[in-house]
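K.L.:
Structure below; questions to follow.
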Amino acid sequence: MVAVPESRRSSALQRVYWWAAIVAALVVFAGFAPTYYLKAWFGTPTLPTLVHVHGLVMSAWFVVFATQVWLVESHRIRLHRRLGLFGAALVVLIPILGIATAIEGARRHAGPPGVPPLIFLSVPIFDILVFAGIAGSGLLLRRRSDFHRRLMLLATLGILTAAIARLPLDFIRHGGPLVFFGLADLLILACIAIDTIRQRRLHPAFGWGTAVIIVSQPLRLWLAGTPVWMDFAGWLVG
């Protein structure tokens, strides 16, 4: 068997990150186009200022992630590190604004039809906490580039469930959590499979990071129906 040169292998893996960044951005745009990006054309209801700010910050994350991938691929590491300061600020802002937006949405009864707001609140809250934990770990391990880039990829793909759930496809709309969580997981697992085949081993960052994402999905659905969660969610919403 002919060994693949390290430079070629690294370049091939970098393209995986690039395509993942493009797919993530397209999914977010398609999912939120009717209610956010193109709402003027769809005539959807006016959004509160908090939702607009949250949407702007979340959009900035996906733009920054794609830009950071491009900068690494272009070997512009110094600029990548400078932009990383802005990315770090987003990692702090996203949980704050995300949780505030989720709580406000529960107060406005904004959620899937037929699902009580306090129960549904567990979905965005867990999404945000998992994102914060994985992205925060990626920042802490920024000097270990192999961990850093994989954790940032997981954080980005793991938070796609809200956009996937809003895609205008019947099998998603009627499939429930199993479908929109499953599609996000498939995208993550595809990236991990390519990485593992190329590297000939499962990287630890992908191993434990993916475990956190997948375990959190049924956990939140189970917890949402418990009296403990209902009391906590009721306290949050006030």
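The chains in the structure tokens are called A, B, ... from first to last as shown; in each chain the residues are counted from 1, and the ligands are counted from 1 in the order shown.
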Find the residues around A:Ala155 up to 7 Å (only C-alpha atoms counted), leave out those fewer than 6 positions away in its own chain, and share them as a ChimeraX atom specification.
P.N.:
/A:131,134-135
K.L.:
Contacts of A:Val16 at 12 Å or less, counting only C-alpha atoms, minus same-chain residues fewer than 6 places along, as a PyMOL selection string?
P.N.:
chain A and resi 9-10+22-23+66+69-70+73+149-150+153+187-188+190-196+198
K.L.:
For a quick check of understanding, using only C-alpha atoms, which of A:Gly114, A:Arg81, A:Leu160, A:Pro177 has the smallest distance to A:Arg143?
P.N.:
A:Arg81
K.L.:
If you measure from atom CA of A:Leu83 to atom CA of A:Trp61, what distance in Å do you get, rounded to one decimal?
P.N.:
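If I compute the distance from atom CA of A:Leu83 to atom CA of A:Trp61, I get 11.3 Å.
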K.L.:
Quick one, how far is atom CA of A:Ser216 from atom CA of A:Gln14?
P.N.:
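Result for atom CA of A:Ser216 versus atom CA of A:Gln14: 27.8 Å, one decimal.
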K.L.:
Determine, using only C-alpha atoms, which residues of stretch 108-198 of chain A have any atom at most 8 Å from an atom of stretch 28-36 of chain A, and tabulate each with its shortest atom pair and distance in Å to one decimal place, rows ordered by chain and then rising number, as a tab-separated table.
P.N.:
residue	atom	partner	partner_atom	distance
A:Leu160	CA	A:Val28	CA	7.0
A:Ala162	CA	A:Gly31	CA	7.9
A:Ala163	CA	A:Gly31	CA	4.5
A:Ile164	CA	A:Gly31	CA	6.1
A:Ala165	CA	A:Gly31	CA	7.4
A:Arg166	CA	A:Gly31	CA	4.7
A:Leu167	CA	A:Gly31	CA	4.5
A:Pro168	CA	A:Gly31	CA	7.3
K.L.:
Which residues come within 9 Å of A:Phe120, counting only C-alpha atoms, excluding same-chain residues fewer than 2 positions away, as a ChimeraX atom specification?
P.N.:
/A:106,111-112,115-118,122-124,221,224
K.L.:
Compile the contact shell of A:Val92 as a list of chain:residue names: residues with an atom at most 12 Å away, counting only C-alpha atoms, same-chain residues fewer than 6 positions apart removed.
P.N.:
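So, after excluding close chain neighbours, the residues are A:Val57, A:Met58, A:Trp61, A:Leu85, A:Phe86, A:Gly98, A:Ile99, A:Ile128, A:Leu129, A:Phe131, A:Ala132, A:Gly133, A:Ala135, A:Gly136, A:Leu139.
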K.L.:
According to DSSP computed on the backbone, where in chain A is there alpha helix (DSSP H)? Give the residues as an MDAnalysis selection string.
P.N.:
chainID A and resid 6:32 39:42 49:73 77:107 117:120 122:140 145:158 161:165 170:173 177:199 204:224 227:237
